[in-house]
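Source file: work.cif; contents: mmCIF, C-alpha atoms and all ligand atoms.
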data_data
loop_
_atom_site.group_PDB
_atom_site.id
_atom_site.type_symbol
_atom_site.label_atom_id
_atom_site.label_comp_id
_atom_site.auth_asym_id
_atom_site.auth_seq_id
_atom_site.Cartn_x
_atom_site.Cartn_y
_atom_site.Cartn_z
ATOM 1 C CA MET A 1196 -26.918 -99.498 -25.594
ATOM 2 C CA THR A 1197 -23.565 -99.128 -23.858
ATOM 3 C CA PHE A 1198 -22.116 -95.651 -23.695
ATOM 4 C CA GLN A 1199 -18.477 -94.605 -24.005
ATOM 5 C CA ASN A 1200 -18.775 -90.878 -23.382
ATOM 6 C CA ILE A 1201 -21.686 -90.447 -21.027
ATOM 7 C CA LEU A 1202 -23.140 -92.053 -17.907
ATOM 8 C CA LEU A 1203 -26.865 -92.580 -17.549
ATOM 9 C CA GLU A 1204 -28.316 -93.289 -14.111
ATOM 10 C CA GLN A 1205 -31.769 -93.451 -12.643
ATOM 11 C CA PRO A 1206 -31.052 -92.474 -9.040
ATOM 12 C CA GLU A 1207 -34.752 -92.573 -8.159
ATOM 13 C CA PRO A 1208 -37.870 -93.694 -10.011
ATOM 14 C CA GLY A 1209 -38.679 -91.346 -12.862
ATOM 15 C CA ILE A 1210 -35.511 -89.293 -12.396
ATOM 16 C CA TYR A 1211 -32.778 -89.645 -15.018
ATOM 17 C CA LEU A 1212 -29.269 -88.251 -14.554
ATOM 18 C CA LEU A 1213 -27.119 -87.867 -17.684
ATOM 19 C CA THR A 1214 -23.449 -87.139 -17.017
ATOM 20 C CA VAL A 1215 -21.181 -86.142 -19.901
ATOM 21 C CA ASN A 1216 -18.151 -88.244 -19.065
ATOM 22 C CA ARG A 1217 -14.946 -87.186 -20.832
ATOM 23 C CA PRO A 1218 -13.250 -85.446 -17.901
ATOM 24 C CA LYS A 1219 -9.777 -85.578 -19.508
ATOM 25 C CA ALA A 1220 -11.131 -83.303 -22.272
ATOM 26 C CA LEU A 1221 -13.270 -81.321 -19.792
ATOM 27 C CA ASN A 1222 -16.296 -83.220 -21.166
ATOM 28 C CA ALA A 1223 -15.950 -81.642 -24.613
ATOM 29 C CA LEU A 1224 -18.691 -82.662 -27.051
ATOM 30 C CA ASN A 1225 -17.381 -84.716 -29.959
ATOM 31 C CA ALA A 1226 -19.711 -86.286 -32.532
ATOM 32 C CA ALA A 1227 -19.833 -89.609 -30.671
ATOM 33 C CA THR A 1228 -20.887 -87.873 -27.451
ATOM 34 C CA LEU A 1229 -23.631 -85.991 -29.286
ATOM 35 C CA ASP A 1230 -24.902 -89.322 -30.690
ATOM 36 C CA GLU A 1231 -25.003 -90.795 -27.194
ATOM 37 C CA ILE A 1232 -26.876 -87.795 -25.779
ATOM 38 C CA ALA A 1233 -29.360 -88.187 -28.651
ATOM 39 C CA ALA A 1234 -29.861 -91.846 -27.683
ATOM 40 C CA VAL A 1235 -30.564 -90.831 -24.076
ATOM 41 C CA VAL A 1236 -33.083 -88.239 -25.213
ATOM 42 C CA ARG A 1237 -34.886 -90.908 -27.270
ATOM 43 C CA LYS A 1238 -34.913 -93.249 -24.277
ATOM 44 C CA VAL A 1239 -36.315 -90.631 -21.893
ATOM 45 C CA ALA A 1240 -38.885 -89.497 -24.484
ATOM 46 C CA ALA A 1241 -40.131 -93.073 -24.837
ATOM 47 C CA ASP A 1242 -40.437 -93.635 -21.069
ATOM 48 C CA ASP A 1243 -43.902 -92.757 -19.854
ATOM 49 C CA ALA A 1244 -42.629 -93.037 -16.277
ATOM 50 C CA ALA A 1245 -39.964 -90.341 -16.830
ATOM 51 C CA ARG A 1246 -40.494 -87.229 -14.735
ATOM 52 C CA VAL A 1247 -37.268 -85.186 -14.937
ATOM 53 C CA LEU A 1248 -33.917 -85.337 -16.739
ATOM 54 C CA LEU A 1249 -30.885 -83.845 -14.982
ATOM 55 C CA VAL A 1250 -27.794 -83.092 -17.090
ATOM 56 C CA THR A 1251 -24.318 -82.584 -15.649
ATOM 57 C CA GLY A 1252 -20.595 -83.085 -16.333
ATOM 58 C CA ALA A 1253 -18.131 -85.580 -14.835
ATOM 59 C CA GLY A 1254 -15.388 -84.399 -12.490
ATOM 60 C CA GLU A 1255 -15.054 -81.241 -10.470
ATOM 61 C CA LYS A 1256 -13.766 -78.899 -13.133
ATOM 62 C CA ALA A 1257 -16.258 -78.763 -15.964
ATOM 63 C CA PHE A 1258 -19.857 -79.153 -16.975
ATOM 64 C CA VAL A 1259 -18.833 -79.160 -20.651
ATOM 65 C CA ALA A 1260 -15.984 -76.977 -21.988
ATOM 66 C CA GLY A 1261 -17.385 -76.802 -25.510
ATOM 67 C CA ALA A 1262 -17.524 -78.723 -28.721
ATOM 68 C CA ASP A 1263 -14.383 -80.801 -29.227
ATOM 69 C CA ILE A 1264 -11.776 -78.465 -30.706
ATOM 70 C CA ALA A 1265 -9.373 -81.285 -31.609
ATOM 71 C CA GLU A 1266 -12.100 -83.005 -33.622
ATOM 72 C CA MET A 1267 -13.105 -79.738 -35.365
ATOM 73 C CA ARG A 1268 -9.646 -78.399 -36.185
ATOM 74 C CA ASP A 1269 -9.275 -79.793 -39.708
ATOM 75 C CA ILE A 1270 -12.860 -80.270 -40.833
ATOM 76 C CA THR A 1271 -14.181 -79.099 -44.187
ATOM 77 C CA ILE A 1272 -17.128 -76.783 -44.795
ATOM 78 C CA GLU A 1273 -19.356 -79.834 -45.437
ATOM 79 C CA GLN A 1274 -18.232 -81.491 -42.222
ATOM 80 C CA ALA A 1275 -18.755 -78.236 -40.300
ATOM 81 C CA GLN A 1276 -22.280 -78.039 -41.686
ATOM 82 C CA ALA A 1277 -22.982 -81.649 -40.680
ATOM 83 C CA PHE A 1278 -21.460 -81.202 -37.203
ATOM 84 C CA SER A 1279 -23.556 -78.105 -36.527
ATOM 85 C CA GLU A 1280 -26.698 -79.843 -37.800
ATOM 86 C CA LYS A 1281 -26.010 -82.807 -35.534
ATOM 87 C CA GLY A 1282 -25.501 -80.540 -32.513
ATOM 88 C CA MET A 1283 -28.627 -78.534 -33.354
ATOM 89 C CA GLN A 1284 -30.730 -81.701 -33.614
ATOM 90 C CA VAL A 1285 -29.517 -82.878 -30.223
ATOM 91 C CA MET A 1286 -30.221 -79.498 -28.573
ATOM 92 C CA HIS A 1287 -33.688 -79.258 -30.170
ATOM 93 C CA ALA A 1288 -34.548 -82.825 -29.113
ATOM 94 C CA LEU A 1289 -33.365 -82.206 -25.549
ATOM 95 C CA GLU A 1290 -35.347 -78.992 -25.308
ATOM 96 C CA SER A 1291 -38.439 -80.700 -26.764
ATOM 97 C CA LEU A 1292 -38.524 -83.521 -24.217
ATOM 98 C CA PRO A 1293 -41.984 -83.559 -22.621
ATOM 99 C CA VAL A 1294 -40.536 -83.519 -19.092
ATOM 100 C CA PRO A 1295 -38.442 -80.789 -17.419
ATOM 101 C CA VAL A 1296 -34.731 -80.944 -18.277
ATOM 102 C CA ILE A 1297 -32.471 -79.249 -15.723
ATOM 103 C CA ALA A 1298 -28.762 -78.521 -16.154
ATOM 104 C CA LEU A 1299 -26.537 -78.929 -13.093
ATOM 105 C CA VAL A 1300 -23.614 -76.736 -14.127
ATOM 106 C CA ASN A 1301 -20.629 -77.788 -12.063
ATOM 107 C CA GLY A 1302 -17.711 -75.812 -13.544
ATOM 108 C CA TYR A 1303 -16.698 -74.604 -17.010
ATOM 109 C CA CYS A 1304 -19.784 -74.267 -19.191
ATOM 110 C CA LEU A 1305 -18.359 -72.887 -22.410
ATOM 111 C CA GLY A 1306 -19.222 -72.855 -26.097
ATOM 112 C CA GLY A 1307 -21.182 -75.994 -26.962
ATOM 113 C CA GLY A 1308 -21.415 -76.655 -23.221
ATOM 114 C CA CYS A 1309 -23.202 -73.359 -22.643
ATOM 115 C CA GLU A 1310 -25.430 -74.211 -25.604
ATOM 116 C CA LEU A 1311 -26.212 -77.578 -24.011
ATOM 117 C CA ALA A 1312 -27.151 -75.834 -20.742
ATOM 118 C CA LEU A 1313 -29.276 -73.295 -22.649
ATOM 119 C CA ALA A 1314 -31.189 -76.132 -24.345
ATOM 120 C CA CYS A 1315 -32.152 -77.359 -20.866
ATOM 121 C CA ASP A 1316 -35.273 -75.784 -19.338
ATOM 122 C CA TRP A 1317 -33.334 -74.140 -16.554
ATOM 123 C CA ILE A 1318 -29.971 -74.131 -14.868
ATOM 124 C CA LEU A 1319 -28.766 -74.790 -11.334
ATOM 125 C CA ALA A 1320 -25.141 -73.733 -10.983
ATOM 126 C CA SER A 1321 -22.370 -74.492 -8.511
ATOM 127 C CA ASP A 1322 -20.413 -71.580 -7.083
ATOM 128 C CA THR A 1323 -17.538 -72.775 -9.321
ATOM 129 C CA ALA A 1324 -19.531 -72.404 -12.552
ATOM 130 C CA ALA A 1325 -18.182 -70.241 -15.385
ATOM 131 C CA PHE A 1326 -20.373 -69.647 -18.432
ATOM 132 C CA GLY A 1327 -19.281 -68.269 -21.782
ATOM 133 C CA GLN A 1328 -19.344 -68.418 -25.551
ATOM 134 C CA PRO A 1329 -15.612 -68.156 -26.352
ATOM 135 C CA GLU A 1330 -15.905 -69.249 -29.986
ATOM 136 C CA VAL A 1331 -14.633 -65.869 -31.246
ATOM 137 C CA ASN A 1332 -11.284 -66.722 -29.618
ATOM 138 C CA LEU A 1333 -11.089 -69.627 -32.086
ATOM 139 C CA GLY A 1334 -12.183 -67.628 -35.120
ATOM 140 C CA ILE A 1335 -15.624 -69.219 -35.237
ATOM 141 C CA LEU A 1336 -19.097 -68.622 -33.846
ATOM 142 C CA PRO A 1337 -21.383 -70.893 -31.846
ATOM 143 C CA GLY A 1338 -22.870 -73.724 -33.878
ATOM 144 C CA PHE A 1339 -25.299 -75.417 -31.502
ATOM 145 C CA GLY A 1340 -27.792 -72.545 -31.092
ATOM 146 C CA GLY A 1341 -25.877 -70.140 -28.836
ATOM 147 C CA THR A 1342 -26.461 -67.065 -30.996
ATOM 148 C CA GLN A 1343 -30.210 -67.751 -30.746
ATOM 149 C CA ARG A 1344 -30.906 -69.144 -27.272
ATOM 150 C CA LEU A 1345 -28.575 -66.789 -25.381
ATOM 151 C CA PRO A 1346 -30.300 -63.590 -26.647
ATOM 152 C CA ARG A 1347 -33.689 -65.144 -25.932
ATOM 153 C CA LYS A 1348 -32.561 -65.791 -22.361
ATOM 154 C CA LEU A 1349 -30.585 -62.615 -21.607
ATOM 155 C CA GLY A 1350 -31.786 -60.125 -24.227
ATOM 156 C CA PRO A 1351 -29.763 -59.175 -27.328
ATOM 157 C CA ALA A 1352 -27.470 -56.593 -25.677
ATOM 158 C CA ARG A 1353 -26.152 -58.821 -22.884
ATOM 159 C CA ALA A 1354 -25.932 -61.803 -25.251
ATOM 160 C CA LEU A 1355 -24.037 -59.868 -27.934
ATOM 161 C CA GLU A 1356 -21.559 -58.639 -25.338
ATOM 162 C CA LEU A 1357 -20.815 -62.201 -24.276
ATOM 163 C CA LEU A 1358 -20.791 -63.569 -27.834
ATOM 164 C CA THR A 1359 -18.416 -60.909 -29.184
ATOM 165 C CA THR A 1360 -15.998 -60.770 -26.226
ATOM 166 C CA GLY A 1361 -16.001 -64.428 -25.171
ATOM 167 C CA ARG A 1362 -15.999 -63.135 -21.582
ATOM 168 C CA GLN A 1363 -16.673 -65.693 -18.857
ATOM 169 C CA VAL A 1364 -19.604 -65.146 -16.530
ATOM 170 C CA LYS A 1365 -19.104 -66.460 -13.013
ATOM 171 C CA ALA A 1366 -21.892 -67.949 -10.889
ATOM 172 C CA ASP A 1367 -22.904 -64.763 -9.042
ATOM 173 C CA GLU A 1368 -23.324 -62.825 -12.307
ATOM 174 C CA ALA A 1369 -25.122 -65.786 -13.912
ATOM 175 C CA LEU A 1370 -27.617 -65.664 -11.067
ATOM 176 C CA ARG A 1371 -28.005 -61.894 -11.315
ATOM 177 C CA VAL A 1372 -28.694 -61.851 -15.074
ATOM 178 C CA GLY A 1373 -31.035 -64.858 -14.985
ATOM 179 C CA LEU A 1374 -28.778 -67.379 -16.682
ATOM 180 C CA ALA A 1375 -28.906 -69.605 -13.587
ATOM 181 C CA ASN A 1376 -31.999 -69.993 -11.398
ATOM 182 C CA HIS A 1377 -29.996 -70.870 -8.270
ATOM 183 C CA VAL A 1378 -26.364 -71.189 -7.169
ATOM 184 C CA TYR A 1379 -25.189 -73.758 -4.605
ATOM 185 C CA PRO A 1380 -21.838 -74.769 -3.105
ATOM 186 C CA ALA A 1381 -20.273 -77.276 -5.503
ATOM 187 C CA ALA A 1382 -20.528 -80.147 -3.030
ATOM 188 C CA GLU A 1383 -24.295 -79.639 -2.732
ATOM 189 C CA LEU A 1384 -25.227 -79.240 -6.399
ATOM 190 C CA ARG A 1385 -26.151 -82.846 -7.158
ATOM 191 C CA ALA A 1386 -28.197 -83.222 -3.950
ATOM 192 C CA GLN A 1387 -30.012 -79.964 -4.674
ATOM 193 C CA GLY A 1388 -30.722 -81.123 -8.230
ATOM 194 C CA LEU A 1389 -32.113 -84.416 -6.959
ATOM 195 C CA GLU A 1390 -34.215 -82.647 -4.342
ATOM 196 C CA LEU A 1391 -35.699 -80.403 -7.019
ATOM 197 C CA ALA A 1392 -36.325 -83.383 -9.342
ATOM 198 C CA ARG A 1393 -37.985 -85.265 -6.477
ATOM 199 C CA SER A 1394 -40.318 -82.353 -5.759
ATOM 200 C CA ILE A 1395 -41.354 -82.179 -9.452
ATOM 201 C CA ALA A 1396 -41.774 -85.974 -9.640
ATOM 202 C CA ALA A 1397 -44.265 -85.789 -6.759
ATOM 203 C CA LYS A 1398 -46.608 -83.477 -8.699
ATOM 204 C CA GLY A 1399 -49.293 -84.509 -11.163
ATOM 205 C CA PRO A 1400 -47.216 -85.945 -14.037
ATOM 206 C CA VAL A 1401 -49.665 -85.038 -16.802
ATOM 207 C CA ALA A 1402 -49.980 -81.530 -15.373
ATOM 208 C CA VAL A 1403 -46.188 -81.041 -15.350
ATOM 209 C CA ARG A 1404 -45.979 -82.120 -19.004
ATOM 210 C CA LEU A 1405 -48.859 -79.808 -19.943
ATOM 211 C CA VAL A 1406 -47.159 -76.885 -18.137
ATOM 212 C CA LYS A 1407 -43.962 -77.433 -20.104
ATOM 213 C CA GLN A 1408 -45.926 -77.685 -23.324
ATOM 214 C CA ALA A 1409 -47.816 -74.462 -22.580
ATOM 215 C CA VAL A 1410 -44.639 -72.512 -21.821
ATOM 216 C CA GLN A 1411 -42.623 -73.872 -24.755
ATOM 217 C CA ARG A 1412 -45.308 -73.725 -27.445
ATOM 218 C CA GLY A 1413 -46.739 -70.473 -26.070
ATOM 219 C CA GLY A 1414 -43.340 -68.794 -26.227
ATOM 220 C CA ASN A 1415 -43.476 -68.907 -30.024
ATOM 221 C CA LEU A 1416 -46.990 -67.408 -30.242
ATOM 222 C CA ASP A 1417 -48.518 -63.963 -29.703
ATOM 223 C CA LEU A 1418 -50.013 -63.431 -26.218
ATOM 224 C CA TYR A 1419 -53.668 -63.990 -27.096
ATOM 225 C CA THR A 1420 -53.040 -67.117 -29.183
ATOM 226 C CA ALA A 1421 -50.786 -68.407 -26.417
ATOM 227 C CA CYS A 1422 -53.474 -67.807 -23.788
ATOM 228 C CA ALA A 1423 -55.955 -69.708 -25.995
ATOM 229 C CA LEU A 1424 -53.454 -72.561 -26.029
ATOM 230 C CA GLU A 1425 -53.360 -72.421 -22.220
ATOM 231 C CA THR A 1426 -57.169 -72.646 -22.168
ATOM 232 C CA ASP A 1427 -57.081 -75.788 -24.349
ATOM 233 C CA LEU A 1428 -54.452 -77.421 -22.164
ATOM 234 C CA PHE A 1429 -56.295 -76.365 -18.983
ATOM 235 C CA ALA A 1430 -59.475 -78.002 -20.286
ATOM 236 C CA ARG A 1431 -57.526 -81.111 -21.274
ATOM 237 C CA ALA A 1432 -56.297 -81.471 -17.677
ATOM 238 C CA PHE A 1433 -59.940 -81.994 -16.659
ATOM 239 C CA THR A 1434 -60.062 -85.190 -18.729
ATOM 240 C CA THR A 1435 -57.489 -86.809 -16.428
ATOM 241 C CA GLN A 1436 -57.853 -89.029 -13.382
ATOM 242 C CA ASP A 1437 -55.027 -87.006 -11.829
ATOM 243 C CA GLN A 1438 -57.202 -83.870 -11.781
ATOM 244 C CA LYS A 1439 -59.954 -85.745 -9.993
ATOM 245 C CA GLU A 1440 -57.519 -87.280 -7.526
ATOM 246 C CA GLY A 1441 -55.623 -83.995 -6.976
ATOM 247 C CA MET A 1442 -58.751 -82.024 -6.146
ATOM 248 C CA ARG A 1443 -60.344 -84.833 -4.122
ATOM 249 C CA ALA A 1444 -57.141 -85.211 -2.088
ATOM 250 C CA PHE A 1445 -57.028 -81.467 -1.420
ATOM 251 C CA LEU A 1446 -60.613 -81.421 -0.170
ATOM 252 C CA GLU A 1447 -60.037 -84.559 1.914
ATOM 253 C CA LYS A 1448 -56.877 -82.970 3.363
ATOM 254 C CA ARG A 1449 -54.555 -85.827 2.328
ATOM 255 C CA PRO A 1450 -51.622 -86.148 -0.115
ATOM 256 C CA ALA A 1451 -52.663 -86.934 -3.704
ATOM 257 C CA LYS A 1452 -51.761 -90.280 -5.265
ATOM 258 C CA PHE A 1453 -51.254 -89.423 -8.912
ATOM 259 C CA GLN A 1454 -51.509 -92.217 -11.514
ATOM 260 C CA ASN A 1455 -50.162 -90.373 -14.585
ATOM 261 C CA ARG A 1456 -53.425 -90.641 -16.453
HETATM 262 N N1 LIG B 1501 -12.273 -79.391 -26.896
HETATM 263 C C1 LIG B 1501 -11.305 -80.315 -26.808
HETATM 264 N N2 LIG B 1501 -10.497 -80.435 -25.722
HETATM 265 C C2 LIG B 1501 -10.663 -79.564 -24.737
HETATM 266 C C3 LIG B 1501 -11.660 -78.567 -24.761
HETATM 267 C C4 LIG B 1501 -12.494 -78.507 -25.913
HETATM 268 N N3 LIG B 1501 -13.507 -77.612 -26.027
HETATM 269 N N4 LIG B 1501 -11.586 -77.838 -23.625
HETATM 270 C C5 LIG B 1501 -10.580 -78.370 -22.903
HETATM 271 N N5 LIG B 1501 -10.024 -79.422 -23.570
HETATM 272 C C6 LIG B 1501 -8.913 -80.252 -23.150
HETATM 273 C C7 LIG B 1501 -7.591 -79.524 -23.266
HETATM 274 O O1 LIG B 1501 -7.099 -79.583 -24.588
HETATM 275 C C8 LIG B 1501 -6.761 -80.301 -22.274
HETATM 276 O O2 LIG B 1501 -6.335 -81.497 -22.889
HETATM 277 P P1 LIG B 1501 -4.820 -82.056 -22.639
HETATM 278 O O3 LIG B 1501 -4.757 -82.327 -21.171
HETATM 279 O O4 LIG B 1501 -4.803 -83.306 -23.486
HETATM 280 O O5 LIG B 1501 -3.900 -80.970 -23.067
HETATM 281 C C9 LIG B 1501 -7.737 -80.674 -21.183
HETATM 282 O O6 LIG B 1501 -9.038 -80.566 -21.770
HETATM 283 C C10 LIG B 1501 -7.687 -79.743 -19.992
HETATM 284 O O7 LIG B 1501 -7.830 -78.393 -20.466
HETATM 285 P P2 LIG B 1501 -6.793 -77.222 -20.118
HETATM 286 O O8 LIG B 1501 -5.422 -77.771 -19.877
HETATM 287 O O9 LIG B 1501 -6.926 -76.184 -21.169
HETATM 288 O O10 LIG B 1501 -7.392 -76.738 -18.717
HETATM 289 P P3 LIG B 1501 -7.278 -75.267 -18.083
HETATM 290 O O11 LIG B 1501 -7.769 -75.405 -16.692
HETATM 291 O O12 LIG B 1501 -5.946 -74.681 -18.319
HETATM 292 O O13 LIG B 1501 -8.318 -74.387 -18.926
HETATM 293 C C11 LIG B 1501 -10.427 -73.950 -20.002
HETATM 294 C C12 LIG B 1501 -9.704 -74.690 -18.868
HETATM 295 C C13 LIG B 1501 -10.417 -72.449 -19.764
HETATM 296 C C14 LIG B 1501 -11.885 -74.457 -20.022
HETATM 297 C C15 LIG B 1501 -9.747 -74.271 -21.353
HETATM 298 O O14 LIG B 1501 -9.621 -75.685 -21.465
HETATM 299 C C16 LIG B 1501 -10.481 -73.795 -22.559
HETATM 300 O O15 LIG B 1501 -10.435 -72.606 -22.872
HETATM 301 N N6 LIG B 1501 -11.154 -74.713 -23.294
HETATM 302 C C17 LIG B 1501 -11.798 -74.395 -24.537
HETATM 303 C C18 LIG B 1501 -13.075 -73.609 -24.349
HETATM 304 C C19 LIG B 1501 -13.673 -73.245 -25.696
HETATM 305 O O16 LIG B 1501 -13.099 -72.555 -26.478
HETATM 306 N N7 LIG B 1501 -14.895 -73.775 -25.953
HETATM 307 C C20 LIG B 1501 -15.591 -73.531 -27.191
HETATM 308 C C21 LIG B 1501 -15.283 -74.619 -28.180
HETATM 309 S S1 LIG B 1501 -15.907 -74.290 -29.794
HETATM 310 C C22 LIG B 1501 -17.571 -74.659 -29.710
HETATM 311 O O17 LIG B 1501 -18.085 -75.061 -28.684
HETATM 312 C C23 LIG B 1501 -18.319 -74.486 -30.992
HETATM 313 C C24 LIG B 1501 -19.773 -74.679 -30.901
HETATM 314 O O18 LIG B 1501 -20.503 -73.878 -30.362
HETATM 315 C C25 LIG B 1501 -20.382 -75.783 -31.576
#
Can you present the structure in this file as structure tokens?
Ligand code: CAA
Amino acid sequence: MTFQNILLEQPEPGIYLLTVNRPKALNALNAATLDEIAAVVRKVAADDAARVLLVTGAGEKAFVAGADIAEMRDITIEQAQAFSEKGMQVMHALESLPVPVIALVNGYCLGGGCELALACDWILASDTAAFGQPEVNLGILPGFGGTQRLPRKLGPARALELLTTGRQVKADEALRVGLANHVYPAAELRAQGLELARSIAAKGPVAVRLVKQAVQRGGNLDLYTACALETDLFARAFTTQDQKEGMRAFLEKRPAKFQNR
């Protein structure tokens, strides 16, 4: 599949880098771009050798400045419903990928862009990043999950403040409130993202997938049911060659050679 609105690279084995590539529109998400992101998600999901997906925006100014306002301006209620459903499906699919998905937020990260970053497992931000849900400035509300994922990440009070004021959150505040895990100088963001992806790719691949599954599925369960889930997944890890190799390598004081099985 050739893409018009995104770039997909594999800078190193197992590491995918998706770049939303509409810099003239600050990488705004139109329907075609959402379809292309969905195709990438399907490709990564089908690749047993995939270890990490990094998501970023083209150019120096924006990660993604929102859903495409020009495309939305004159749509009907039915089209608005369909556009939101499409965006939701893409965000759910991205979040549900079995491997870690990490947003490299390199500038404006607004509206649908902030929702895209929130659907990633965690966020690394550049010192130029600016997060926000400015939909109220346009007379609408978020449509790709922002009213749900932002409160789950920041708590309802902080999220409601941002959702009702449209205020932008700069990198230092994003770090302080837990929106971003780390902040780096803009010129270093990609290298830091790759370094992180490399370190995850070197771990036991089945174990990394099980960890993500435990955290994601467990988050929707009560504590004791979630801990029982962890027990099941822990036991399952002992059916793998990687567990045997990982523990043997530790005891033999050598690096493990994981086989992903
Ligand atoms: N959709 C479409 N085009 C956009 C866009 C968007 N979300 N954001 C920026 N652009 C376009 C601008 O129209 C402009 O195009 P032209 O050069 O053709 O005029 C170009 O990108 C550059 O933008 P600006 O000239 O505005 O750049 P700036 O530096 O002055 O301002 C900005 C940057 C503060 C990010 C400003 O562009 C902005 O406020 N953008 C809109 C942010 C927004 O409201 N996002 C939410 C969208 S609604 C949504 O996302 C709904 C949802 O949840 C599903």
_Using all atoms listed in the file, list the residues that have an atom at most 12 Å from (-25.4, -65.0, -10.9), coordinates as in the file, as a list in words._
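Residues close enough to count: Ile1318, Leu1319, Ala1320, Ser1321, Asp1322, Thr1323, Ala1324, Ala1325, Phe1326, Gln1363, Val1364, Lys1365, Ala1366, Asp1367, Glu1368, Ala1369, Leu1370, Arg1371, Val1372, Gly1373, Leu1374, Ala1375, Asn1376, His1377, Val1378 and Tyr1379 of chain A.
Across A:Val1410, A:Leu1229, A:Leu1418, A:Met1442, the tightest approach to ligand LIG 1501 (chain B) is made by A:Leu1229 when counting all atoms listed in the file.
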*Let me know the residues the PyMOL selection byres (((chain A and resi 1353) around 12) and not hetatm) catches in the file above, as a VMD selection string.*
chain A and resid 1327 1342 1345 to 1352 1354 to 1362 1364 1368 to 1369 1372 to 1374
*asked:* Just want the residues within 7 Å of ligand LIG 1501 (chain B), written as a ChimeraX atom specification, counting all atoms listed in the file.
replied: /A:1219-1221,1223,1260-1265,1279,1303,1305-1308,1310,1328-1330,1332-1333,1336-1339,1341
*When the PyMOL selection byres (((chain A and resi 1399-1406) around 6) and not hetatm) is applied to the file above, which residues end up in the set, as a PyMOL selection string?*
chain A and resi 1293-1294+1398+1407-1409+1453+1455
*Evaluate the PyMOL selection byres (((chain A and resi 1217) around 10) and not hetatm) on the structure here and hand back the selected residues as a PyMOL selection string.*
chain A and resi 1199-1202+1214-1216+1218-1225+1228+1252-1254+1257+1259
I need the residues from that last selection saved to file as a PDB file, in the coordinates of the input (with C-alpha atoms), if you can.
ATOM      1  CA  GLN A1199     -18.477 -94.605 -24.005  1.00  0.00           C
ATOM      2  CA  ASN A1200     -18.775 -90.878 -23.382  1.00  0.00           C
ATOM      3  CA  ILE A1201     -21.686 -90.447 -21.027  1.00  0.00           C
ATOM      4  CA  LEU A1202     -23.140 -92.053 -17.907  1.00  0.00           C
ATOM      5  CA  THR A1214     -23.449 -87.139 -17.017  1.00  0.00           C
ATOM      6  CA  VAL A1215     -21.181 -86.142 -19.901  1.00  0.00           C
ATOM      7  CA  ASN A1216     -18.151 -88.244 -19.065  1.00  0.00           C
ATOM      8  CA  PRO A1218     -13.250 -85.446 -17.901  1.00  0.00           C
ATOM      9  CA  LYS A1219      -9.777 -85.578 -19.508  1.00  0.00           C
ATOM     10  CA  ALA A1220     -11.131 -83.303 -22.272  1.00  0.00           C
ATOM     11  CA  LEU A1221     -13.270 -81.321 -19.792  1.00  0.00           C
ATOM     12  CA  ASN A1222     -16.296 -83.220 -21.166  1.00  0.00           C
ATOM     13  CA  ALA A1223     -15.950 -81.642 -24.613  1.00  0.00           C
ATOM     14  CA  LEU A1224     -18.691 -82.662 -27.051  1.00  0.00           C
ATOM     15  CA  ASN A1225     -17.381 -84.716 -29.959  1.00  0.00           C
ATOM     16  CA  THR A1228     -20.887 -87.873 -27.451  1.00  0.00           C
ATOM     17  CA  GLY A1252     -20.595 -83.085 -16.333  1.00  0.00           C
ATOM     18  CA  ALA A1253     -18.131 -85.580 -14.835  1.00  0.00           C
ATOM     19  CA  GLY A1254     -15.388 -84.399 -12.490  1.00  0.00           C
ATOM     20  CA  ALA A1257     -16.258 -78.763 -15.964  1.00  0.00           C
ATOM     21  CA  VAL A1259     -18.833 -79.160 -20.651  1.00  0.00           C
TER      22      VAL A1259
END
Centre and size of axis-aligned box enclosing range 1341-1358 of chain A plus 3 Å each side, as lines of an AutoDock Vina configuration file:
center_x = -27.2
center_y = -63.4
center_z = -26.3
size_x = 18.9
size_y = 19.5
size_z = 15.4
*Counting all atoms listed in the file, which of A:Val1250, A:Gln1343, A:Asp1427, A:Met1267 gets nearest to Cys1315 in chain A?*
A:Val1250
_I'd like the interatomic distance between CA of Ser1291 in chain A and CA of Arg1237 in chain A, to a tenth of an Å._
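For CA of Ser1291 in chain A relative to CA of Arg1237 in chain A, the distance reads 10.8 Å.
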*Any idea what's packed within 9 Å of range 1388-1390 of chain A, counting only C-alpha atoms, ignoring anything in its chain fewer than 2 positions away? Could you give it as a PyMOL selection string?*
chain A and resi 1206-1207+1210+1212+1249+1297-1299+1319+1383-1386+1392-1395
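For the choices A:Leu1292, A:Leu1428, A:Ala1275, A:Ala1451, the atom-to-atom distance to Ala1226 in chain A is smallest for A:Ala1275 when using all atoms listed in the file.
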*Go ahead and compute the interatomic distance for CA of Gly1302 in chain A and CA of Glu1255 in chain A, in Å to one decimal.*
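Value for the CA of Gly1302 in chain A-CA of Glu1255 in chain A distance: 6.8 Å.
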